[in-house]
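K.L.:
So that you have it, the file is coords.cif, and it contains mmCIF, C-alpha atoms and all ligand atoms:
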```
data_target
#
loop_
_atom_site.label_atom_id
_atom_site.label_comp_id
_atom_site.auth_asym_id
_atom_site.auth_seq_id
_atom_site.Cartn_x
_atom_site.Cartn_y
_atom_site.Cartn_z
CA MET A 1 17.17 11.38 -28.51
CA ASN A 2 16.09 8.26 -26.62
CA ARG A 3 18.29 7.25 -23.70
CA GLN A 4 17.92 3.54 -23.01
CA ILE A 5 19.44 1.11 -20.55
CA VAL A 6 20.13 -2.06 -22.51
CA LEU A 7 21.22 -5.51 -21.39
CA ARG A 8 24.91 -5.84 -22.20
CA GLN A 9 25.58 -9.28 -20.76
CA ARG A 10 23.72 -11.84 -18.70
CA PRO A 11 24.56 -11.49 -15.02
CA ARG A 12 25.79 -14.22 -12.75
CA GLY A 13 24.59 -13.26 -9.29
CA ALA A 14 23.66 -9.65 -8.60
CA ILE A 15 23.69 -7.24 -11.52
CA ASP A 16 26.66 -4.84 -11.68
CA GLU A 17 28.06 -2.20 -14.02
CA SER A 18 28.95 -4.85 -16.62
CA THR A 19 25.33 -6.07 -16.87
CA THR A 20 23.71 -3.04 -18.47
CA GLU A 21 24.77 -0.06 -20.56
CA LEU A 22 23.27 3.39 -21.07
CA VAL A 23 22.97 4.03 -24.82
CA VAL A 24 21.55 6.96 -26.77
CA ARG A 25 19.44 6.10 -29.80
CA ALA A 26 17.22 8.14 -32.08
CA GLU A 27 13.85 9.15 -30.64
CA PRO A 28 11.17 6.92 -32.20
CA THR A 29 8.55 8.51 -34.44
CA CYS A 30 4.98 7.38 -34.56
CA GLY A 31 3.64 5.78 -37.73
CA PRO A 32 0.06 4.97 -38.72
CA ASP A 33 -2.09 3.72 -35.81
CA GLU A 34 0.73 4.39 -33.39
CA ALA A 35 1.28 6.78 -30.48
CA LEU A 36 4.49 8.20 -29.06
CA ILE A 37 4.83 8.03 -25.28
CA LYS A 38 7.22 10.02 -23.10
CA VAL A 39 8.13 7.76 -20.19
CA ALA A 40 7.56 9.23 -16.73
CA MET A 41 8.21 6.45 -14.25
CA LEU A 42 9.42 2.84 -14.16
CA SER A 43 8.15 0.07 -11.92
CA ILE A 44 11.15 -1.79 -10.53
CA ASP A 45 10.15 -5.41 -10.00
CA PRO A 46 12.28 -8.32 -8.79
CA THR A 47 11.19 -10.38 -11.80
CA ILE A 48 13.25 -8.10 -14.08
CA ARG A 49 16.29 -9.94 -12.74
CA THR A 50 14.81 -13.29 -13.87
CA TRP A 51 14.21 -11.93 -17.39
CA MET A 52 17.95 -11.23 -17.68
CA ASN A 53 18.74 -14.96 -17.50
CA ASP A 54 18.92 -17.14 -20.58
CA ALA A 55 16.54 -19.59 -18.96
CA PRO A 56 12.96 -20.73 -19.44
CA GLY A 57 10.49 -18.37 -17.80
CA TYR A 58 6.99 -17.04 -18.25
CA LEU A 59 8.32 -14.46 -20.74
CA PRO A 60 11.26 -14.84 -23.13
CA PRO A 61 14.66 -13.67 -21.86
CA ILE A 62 15.55 -10.04 -22.59
CA GLU A 63 17.75 -10.05 -25.69
CA ILE A 64 21.29 -8.79 -25.41
CA GLY A 65 21.33 -5.21 -26.69
CA ALA A 66 17.60 -4.68 -26.05
CA PRO A 67 16.30 -2.20 -23.46
CA VAL A 68 15.66 -3.87 -20.12
CA ARG A 69 12.02 -4.98 -19.98
CA SER A 70 9.92 -3.15 -17.42
CA THR A 71 6.47 -1.83 -16.85
CA GLY A 72 6.06 1.89 -16.33
CA ALA A 73 3.93 4.95 -16.96
CA GLY A 74 4.12 7.85 -19.36
CA VAL A 75 2.20 10.46 -21.27
CA VAL A 76 1.10 10.41 -24.92
CA VAL A 77 2.82 13.25 -26.80
CA ALA A 78 1.78 12.38 -30.37
CA SER A 79 -0.89 10.04 -31.65
CA ASN A 80 -2.07 8.57 -34.95
CA SER A 81 -4.19 6.05 -33.07
CA THR A 82 -7.83 6.24 -32.07
CA ARG A 83 -6.91 4.45 -28.81
CA TYR A 84 -4.79 7.31 -27.43
CA GLN A 85 -5.25 11.07 -27.19
CA VAL A 86 -2.35 13.46 -26.75
CA GLY A 87 -2.09 14.08 -22.99
CA ASP A 88 -3.35 10.63 -21.96
CA VAL A 89 -1.42 9.15 -19.06
CA VAL A 90 -0.80 5.48 -19.80
CA VAL A 91 0.74 2.41 -18.16
CA GLY A 92 2.28 -0.61 -19.84
CA MET A 93 5.61 -2.04 -20.96
CA THR A 94 7.72 1.09 -21.25
CA ASN A 95 11.05 -0.70 -20.75
CA TRP A 96 14.07 1.17 -19.36
CA GLN A 97 14.07 4.12 -21.77
CA GLU A 98 12.75 7.65 -22.25
CA TRP A 99 10.42 7.12 -25.22
CA VAL A 100 8.26 4.22 -26.34
CA ILE A 101 5.80 3.55 -29.17
CA ALA A 102 2.32 2.18 -28.53
CA ASN A 103 0.63 0.21 -31.31
CA GLU A 104 -1.75 -2.71 -31.79
CA GLU A 105 0.87 -5.27 -30.72
CA HIS A 106 2.22 -3.14 -27.86
CA ARG A 107 -0.77 -1.71 -26.04
CA PHE A 108 -0.99 0.57 -23.02
CA SER A 109 -3.86 1.23 -20.60
CA VAL A 110 -5.13 4.79 -20.30
CA ILE A 111 -5.49 6.01 -16.69
CA PRO A 112 -8.61 8.10 -16.09
CA ARG A 113 -7.54 11.67 -15.27
CA ASP A 114 -10.14 11.90 -12.51
CA ILE A 115 -8.83 8.86 -10.63
CA GLY A 116 -7.61 11.15 -7.86
CA LEU A 117 -4.37 9.24 -7.26
CA ASP A 118 -0.82 10.24 -8.12
CA LEU A 119 1.20 8.32 -10.68
CA ALA A 120 3.36 6.51 -8.11
CA THR A 121 0.26 5.23 -6.30
CA VAL A 122 -1.27 4.09 -9.58
CA LEU A 123 1.89 2.12 -10.50
CA ASN A 124 2.00 0.61 -7.03
CA VAL A 125 -1.53 -0.19 -5.96
CA LEU A 126 -3.24 -0.45 -9.35
CA GLY A 127 -0.20 -1.92 -11.12
CA VAL A 128 1.38 -5.34 -10.93
CA THR A 129 1.94 -5.06 -7.17
CA GLY A 130 -1.62 -4.48 -5.97
CA LEU A 131 -3.04 -6.88 -8.56
CA THR A 132 -0.64 -9.61 -7.49
CA ALA A 133 -1.58 -9.17 -3.84
CA TYR A 134 -5.30 -9.25 -4.63
CA PHE A 135 -5.42 -12.29 -6.92
CA GLY A 136 -2.68 -14.16 -5.09
CA LEU A 137 -4.44 -13.91 -1.75
CA LEU A 138 -8.07 -14.22 -2.76
CA ASP A 139 -8.03 -16.48 -5.82
CA VAL A 140 -4.85 -18.54 -5.63
CA GLY A 141 -4.79 -18.64 -1.83
CA ARG A 142 -8.56 -19.05 -1.53
CA PHE A 143 -8.47 -16.79 1.52
CA GLN A 144 -11.30 -17.24 4.02
CA ALA A 145 -12.30 -15.01 6.92
CA GLY A 146 -10.82 -16.50 10.09
CA ASP A 147 -7.60 -17.65 8.38
CA VAL A 148 -4.26 -17.28 10.12
CA VAL A 149 -2.16 -15.68 7.37
CA VAL A 150 1.62 -15.40 7.17
CA VAL A 151 3.19 -13.08 4.57
CA SER A 152 6.89 -12.76 3.77
CA ALA A 153 8.54 -9.51 2.61
CA ALA A 154 5.73 -8.07 4.76
CA ALA A 155 6.90 -4.45 4.61
CA GLY A 156 7.52 -4.71 0.85
CA ALA A 157 5.22 -3.58 -1.90
CA THR A 158 3.31 -6.81 -2.50
CA GLY A 159 3.52 -8.19 1.03
CA SER A 160 2.19 -5.04 2.69
CA ALA A 161 -0.85 -5.08 0.41
CA VAL A 162 -1.48 -8.80 1.01
CA GLY A 163 -1.45 -8.27 4.77
CA GLN A 164 -3.86 -5.36 4.60
CA ILE A 165 -6.31 -7.10 2.26
CA ALA A 166 -6.30 -10.13 4.56
CA ARG A 167 -6.90 -7.87 7.57
CA ALA A 168 -9.75 -6.04 5.82
CA ARG A 169 -11.38 -9.35 4.87
CA GLY A 170 -11.40 -10.74 8.39
CA ALA A 171 -8.22 -12.75 8.92
CA ALA A 172 -7.90 -14.18 12.44
CA ARG A 173 -4.24 -13.15 12.57
CA VAL A 174 -1.90 -11.60 10.04
CA ILE A 175 1.73 -12.39 10.76
CA GLY A 176 4.51 -10.79 8.76
CA VAL A 177 8.06 -11.91 8.10
CA ALA A 178 10.53 -9.15 7.25
CA GLY A 179 14.22 -8.31 7.39
CA GLY A 180 15.29 -6.33 10.45
CA PRO A 181 13.54 -4.55 13.34
CA ARG A 182 12.69 -1.40 11.39
CA LYS A 183 10.73 -3.28 8.73
CA CYS A 184 9.07 -5.49 11.33
CA ASP A 185 8.00 -2.40 13.23
CA GLU A 186 6.71 -0.84 9.99
CA ALA A 187 4.67 -3.98 9.19
CA VAL A 188 2.91 -3.76 12.57
CA SER A 189 2.63 -0.04 13.25
CA TRP A 190 2.02 1.22 9.70
CA TYR A 191 0.50 -1.69 7.79
CA GLY A 192 -1.46 -3.17 10.71
CA PHE A 193 0.00 -6.69 10.88
CA ASP A 194 -0.66 -8.36 14.26
CA SER A 195 3.00 -9.28 14.61
CA CYS A 196 6.12 -9.59 12.49
CA LEU A 197 9.13 -11.90 12.71
CA ASP A 198 12.62 -10.93 11.63
CA HIS A 199 13.93 -13.54 9.18
CA ARG A 200 17.50 -12.45 9.90
CA GLU A 201 17.24 -13.68 13.50
CA PRO A 202 17.85 -17.38 14.27
CA ASP A 203 15.18 -20.09 14.42
CA LEU A 204 12.44 -18.54 12.29
CA GLU A 205 10.81 -21.96 12.16
CA GLY A 206 10.47 -22.13 15.96
CA ARG A 207 9.29 -18.53 16.23
CA LEU A 208 6.65 -19.06 13.53
CA ARG A 209 5.40 -22.16 15.33
CA ALA A 210 5.11 -20.16 18.55
CA ALA A 211 3.29 -17.31 16.79
CA SER A 212 0.75 -19.65 15.18
CA PRO A 213 0.17 -22.51 17.65
CA ASN A 214 -2.80 -23.87 15.65
CA GLY A 215 -0.93 -23.62 12.36
CA VAL A 216 -0.85 -21.29 9.38
CA ASP A 217 -3.92 -21.50 7.14
CA LEU A 218 -2.42 -19.43 4.34
CA TYR A 219 1.23 -18.67 3.72
CA PHE A 220 1.85 -16.04 1.01
CA ASP A 221 5.43 -16.56 -0.11
CA ASN A 222 7.29 -13.66 -1.68
CA VAL A 223 10.81 -14.88 -1.04
CA GLY A 224 11.25 -18.68 -1.31
CA GLY A 225 14.28 -20.43 0.17
CA ALA A 226 14.74 -20.66 3.93
CA VAL A 227 11.66 -18.59 4.81
CA LEU A 228 9.43 -20.84 2.70
CA ASP A 229 10.90 -23.86 4.41
CA ALA A 230 10.23 -22.39 7.85
CA ALA A 231 6.62 -21.58 6.95
CA LEU A 232 5.96 -25.07 5.57
CA ALA A 233 6.82 -26.48 8.98
CA SER A 234 3.83 -24.61 10.46
CA ILE A 235 1.22 -25.22 7.79
CA ALA A 236 -2.23 -26.03 9.18
CA MET A 237 -4.55 -28.84 8.14
CA HIS A 238 -5.82 -28.04 4.59
CA GLY A 239 -3.53 -25.02 4.57
CA ARG A 240 -2.59 -23.23 1.38
CA VAL A 241 0.82 -21.98 0.30
CA VAL A 242 0.84 -19.32 -2.42
CA LEU A 243 4.11 -19.22 -4.34
CA CYS A 244 4.17 -15.62 -5.51
CA GLY A 245 7.90 -14.92 -5.68
CA ALA A 246 11.27 -16.37 -4.77
CA ILE A 247 13.46 -13.29 -4.58
CA SER A 248 15.99 -15.08 -2.35
CA GLN A 249 16.78 -17.29 -5.35
CA TYR A 250 16.81 -14.86 -8.29
CA ASN A 251 20.44 -13.83 -7.84
CA GLU A 252 21.66 -17.40 -7.36
CA SER A 253 23.71 -18.56 -10.32
CA GLY A 254 23.61 -22.27 -9.44
CA ARG A 255 20.67 -24.53 -8.73
CA PRO A 256 17.89 -22.97 -6.63
CA ARG A 257 17.88 -23.94 -2.95
CA GLY A 258 15.60 -26.89 -2.27
CA VAL A 259 12.97 -26.94 0.47
CA ALA A 260 13.06 -29.72 3.04
CA ASN A 261 9.65 -29.43 4.69
CA THR A 262 7.40 -30.47 1.76
CA PRO A 263 6.33 -33.65 3.65
CA MET A 264 4.28 -31.29 5.85
CA LEU A 265 2.04 -30.73 2.82
CA ILE A 266 1.22 -34.44 2.98
CA MET A 267 0.75 -34.61 6.74
CA ARG A 268 -1.52 -31.56 6.70
CA ARG A 269 -3.27 -32.31 3.37
CA ALA A 270 -2.13 -28.86 2.33
CA SER A 271 -1.59 -27.44 -1.15
CA MET A 272 1.01 -25.20 -2.72
CA SER A 273 0.34 -23.25 -5.94
CA GLY A 274 2.37 -20.88 -8.02
CA PHE A 275 0.85 -18.17 -10.19
CA ILE A 276 1.69 -15.25 -12.46
CA VAL A 277 -0.50 -12.19 -12.14
CA LEU A 278 -0.82 -11.88 -15.94
CA ASP A 279 -3.06 -14.97 -15.80
CA PHE A 280 -5.72 -12.71 -14.27
CA ALA A 281 -5.50 -9.93 -16.88
CA ALA A 282 -9.17 -10.27 -17.86
CA ARG A 283 -10.15 -9.39 -14.26
CA PHE A 284 -7.74 -6.52 -13.56
CA GLY A 285 -10.59 -4.00 -13.65
CA GLU A 286 -12.46 -5.83 -10.88
CA ALA A 287 -9.40 -5.80 -8.62
CA GLN A 288 -8.52 -2.18 -9.39
CA ALA A 289 -12.00 -1.02 -8.37
CA VAL A 290 -11.62 -2.75 -4.99
CA LEU A 291 -8.06 -1.51 -4.49
CA VAL A 292 -8.91 2.14 -5.33
CA ALA A 293 -11.77 2.01 -2.83
CA MET A 294 -9.44 0.63 -0.15
CA VAL A 295 -6.91 3.40 -0.77
CA ARG A 296 -9.66 6.01 -0.56
CA ASP A 297 -11.16 4.67 2.67
CA GLY A 298 -7.74 4.29 4.27
CA THR A 299 -7.76 0.48 4.63
CA LEU A 300 -4.89 0.10 2.15
CA ARG A 301 -1.80 2.07 3.09
CA HIS A 302 1.04 2.24 0.64
CA ARG A 303 4.54 3.60 0.40
CA GLU A 304 6.64 4.36 -2.63
CA HIS A 305 10.42 4.44 -2.72
CA LEU A 306 11.28 6.93 -5.47
CA ILE A 307 14.66 7.05 -7.15
CA ASN A 308 15.40 9.86 -9.57
CA GLY A 309 17.00 9.27 -12.95
CA LEU A 310 16.75 6.58 -15.63
CA GLU A 311 20.46 5.86 -15.21
CA ARG A 312 19.78 4.72 -11.62
CA ALA A 313 17.37 1.92 -12.62
CA PRO A 314 20.01 -0.85 -12.17
CA GLU A 315 20.83 0.50 -8.71
CA ALA A 316 17.10 0.55 -7.90
CA LEU A 317 16.77 -3.10 -8.93
CA ASN A 318 19.61 -4.09 -6.62
CA LEU A 319 17.94 -2.33 -3.67
CA LEU A 320 15.25 -5.01 -3.74
CA PHE A 321 17.78 -7.78 -3.25
CA ALA A 322 19.50 -5.97 -0.41
CA GLY A 323 16.15 -5.35 1.30
CA ALA A 324 17.06 -1.65 1.14
CA ASN A 325 13.77 -0.54 -0.43
CA HIS A 326 10.93 0.84 1.67
CA GLY A 327 7.72 0.23 -0.23
CA LYS A 328 7.20 0.05 -3.96
CA THR A 329 10.41 0.85 -5.81
CA LEU A 330 9.93 3.29 -8.69
CA VAL A 331 12.37 5.20 -10.88
CA VAL A 332 11.34 8.70 -11.91
CA VAL A 333 12.42 9.26 -15.52
CA ASP A 334 10.61 12.56 -16.08
CA GLU A 335 9.40 14.35 -12.95
CA GLY A 336 7.45 16.85 -15.03
CA ILE A 337 4.77 14.30 -15.90
CA ALA A 338 2.05 13.99 -13.27
CA LEU A 339 -1.44 12.57 -12.98
CA ALA A 340 -2.81 14.33 -9.92
N1 LIG A 401 3.84 -14.07 -9.29
C1 LIG A 401 3.69 -12.84 -9.78
O1 LIG A 401 2.96 -12.58 -10.74
C2 LIG A 401 4.41 -11.71 -9.09
C3 LIG A 401 4.11 -10.37 -9.39
C4 LIG A 401 4.77 -9.35 -8.69
C5 LIG A 401 5.74 -9.68 -7.75
N2 LIG A 401 6.04 -11.00 -7.53
C6 LIG A 401 7.05 -11.38 -6.54
O2 LIG A 401 6.70 -10.83 -5.30
C7 LIG A 401 7.87 -10.66 -4.52
C8 LIG A 401 7.88 -9.26 -3.91
O3 LIG A 401 8.02 -8.31 -4.95
P1 LIG A 401 7.88 -6.73 -4.66
O4 LIG A 401 7.96 -6.07 -5.98
O5 LIG A 401 6.70 -6.52 -3.81
O6 LIG A 401 9.21 -6.41 -3.86
P2 LIG A 401 9.36 -5.87 -2.36
O7 LIG A 401 8.74 -6.86 -1.44
O8 LIG A 401 8.93 -4.47 -2.28
O9 LIG A 401 10.94 -5.91 -2.19
C9 LIG A 401 11.61 -7.13 -2.15
C10 LIG A 401 11.87 -7.55 -0.70
O10 LIG A 401 12.26 -8.92 -0.68
C11 LIG A 401 12.96 -9.17 0.51
N3 LIG A 401 14.15 -9.99 0.24
C12 LIG A 401 15.14 -9.73 -0.64
N4 LIG A 401 16.06 -10.71 -0.61
C13 LIG A 401 15.64 -11.60 0.34
C14 LIG A 401 16.16 -12.82 0.85
N5 LIG A 401 17.31 -13.33 0.38
N6 LIG A 401 15.47 -13.47 1.81
C15 LIG A 401 14.31 -12.97 2.28
N7 LIG A 401 13.75 -11.81 1.84
C16 LIG A 401 14.41 -11.14 0.88
C17 LIG A 401 13.39 -7.81 1.09
O11 LIG A 401 12.56 -7.54 2.20
P3 LIG A 401 13.15 -7.66 3.70
O12 LIG A 401 14.06 -6.47 3.85
O13 LIG A 401 11.94 -7.63 4.54
O14 LIG A 401 13.93 -8.95 3.78
C18 LIG A 401 13.04 -6.84 -0.04
O15 LIG A 401 12.73 -5.56 0.44
C19 LIG A 401 9.05 -10.94 -5.43
O16 LIG A 401 9.54 -12.26 -5.21
C20 LIG A 401 8.44 -10.85 -6.82
O17 LIG A 401 9.13 -11.61 -7.78
C21 LIG A 401 5.39 -12.00 -8.18
#
```
Could you write out this structure as structure tokens?

P.N.:
Amino acid sequence: MNRQIVLRQRPRGAIDESTTELVVRAEPTCGPDEALIKVAMLSIDPTIRTWMNDAPGYLPPIEIGAPVRSTGAGVVVASNSTRYQVGDVVVGMTNWQEWVIANEEHRFSVIPRDIGLDLATVLNVLGVTGLTAYFGLLDVGRFQAGDVVVVSAAAGATGSAVGQIARARGAARVIGVAGGPRKCDEAVSWYGFDSCLDHREPDLEGRLRAASPNGVDLYFDNVGGAVLDAALASIAMHGRVVLCGAISQYNESGRPRGVANTPMLIMRRASMSGFIVLDFAARFGEAQAVLVAMVRDGTLRHREHLINGLERAPEALNLLFAGANHGKTLVVVDEGIALA
């Protein structure tokens, strides 16, 4: 049987027990040119919440009754396809379920067995998270050695990688913004940020200005809202703002919060660009080679927050919005499947 978590109704605000439903459907069978994949692990990404809305986005909304869309990893257990061998460990759109079919329209990437990383690390550093950090910082943000860089959600999956890549490439200062003293301490002592500001404390704008007296050359925004506004106030001449995510807004059911400090982009001749990591798909291999090397030489530290059980995927998604995750949030669907 195939246990799936399907979208039952579109949420207003945070998802709750009425949003999704655990259903049991027949296990899929693989037809010609198809492979059957047993799902091992799910990547829990804030954007899943945006896909639940009936609103324009970069992908169509998840249909009511369909399994919740999600990337993940699994192992090939049967194959009629020349692309996949039984035993291959693969990553791709698994969705929130135990079994998934790979075919020409729905392709997965095969992870080399000798990669020397465990599955959770692969989903974190080589998956959407690491790729987003790499392309967002270097290509969209046009990072340059000597930049003063500010990163929000600094102890989170994407933010922690952004900070470390900036540090490794010669940033003048890497300043984090995170929620609470524990995460701020983690950003500095574990991920190597120069300093970290708690966005829950008052006057973030003033504290950011004090921490970057000559301005912020590159602000990597993972959260939007009030933190984005505070960072705009400190943008340096010809500074760059990378709009990666706006998690502070995803659970809002009304209009998104506006930002007041956009005139600073004019005063400082600065630019602000949004991006979606999928735009860089043709270059994922290039980034993965760099990221694997950084993990191996210890310049890219990573943490995974594992939650056991498919049925806990909705709870795992909500952790992100409460700031209760520590590192990349992953749901283990089948703990018997391993890469290394
Ligand atoms: N553009 C793309 O292609 C792309 C791809 C991947 C991810 N993203 C975006 O990147 C961002 C980070 O994703 P992630 O997977 O790495 O998650 P994450 O940073 O590991 O976890 C999310 C973090 O966001 C912070 N947060 C939650 N609500 C907040 C609020 N109201 N105000 C300020 N901070 C808040 C919390 O950190 P604190 O406890 O420190 O507040 C939380 O731990 C998300 O916005 C996501 O949508 C974009």

K.L.:
Would you name the residues within 6 Å of ligand LIG 401 (chain A), counting all atoms listed in the file, and put them as a count of residues only?

P.N.:
32

K.L.:
Write out as a list in words the residues lying within 7 Å of A:Phe193, counting all atoms listed in the file and excluding same-chain residues fewer than 6 positions away.

P.N.:
Gly163, Val174, Ile175, Gly176 and Ala187 of chain A

K.L.:
Give me the residues near stretch 110-117 of chain A as a ChimeraX atom specification, where near means some atom within 7 Å (using only C-alpha atoms) and where sequence neighbours in that chain fewer than 2 positions away do not count.

P.N.:
/A:88-91,108,119,121-122,339-340

K.L.:
Mind giving me the straight-line distance from atom CA of A:Arg255 to atom CA of A:Arg49 in Å, one decimal?

P.N.:
15.8 Å

K.L.:
Considering only C-alpha atoms, can you say which of A:Arg301, A:Arg142, A:His238, A:Arg296 comes closest to A:Ser189?

P.N.:
A:Arg301

K.L.:
Please provide as a list in words all residues within 9 Å of A:Ser212, with the sequence filter that same-chain residues fewer than 6 positions apart are discarded (counting only C-alpha atoms).

P.N.:
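Close residues of A:Ser212: Val148, Arg173, Ile175 and Ser234 of chain A.
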
K.L.:
In Å to one decimal, how far is atom CA of A:Arg8 from atom CA of A:Ala66?

P.N.:
8.3 Å

K.L.:
State, in Å with one decimal place, the distance from atom CA of A:Leu330 to atom CA of A:Ala287.

P.N.:
21.4 Å
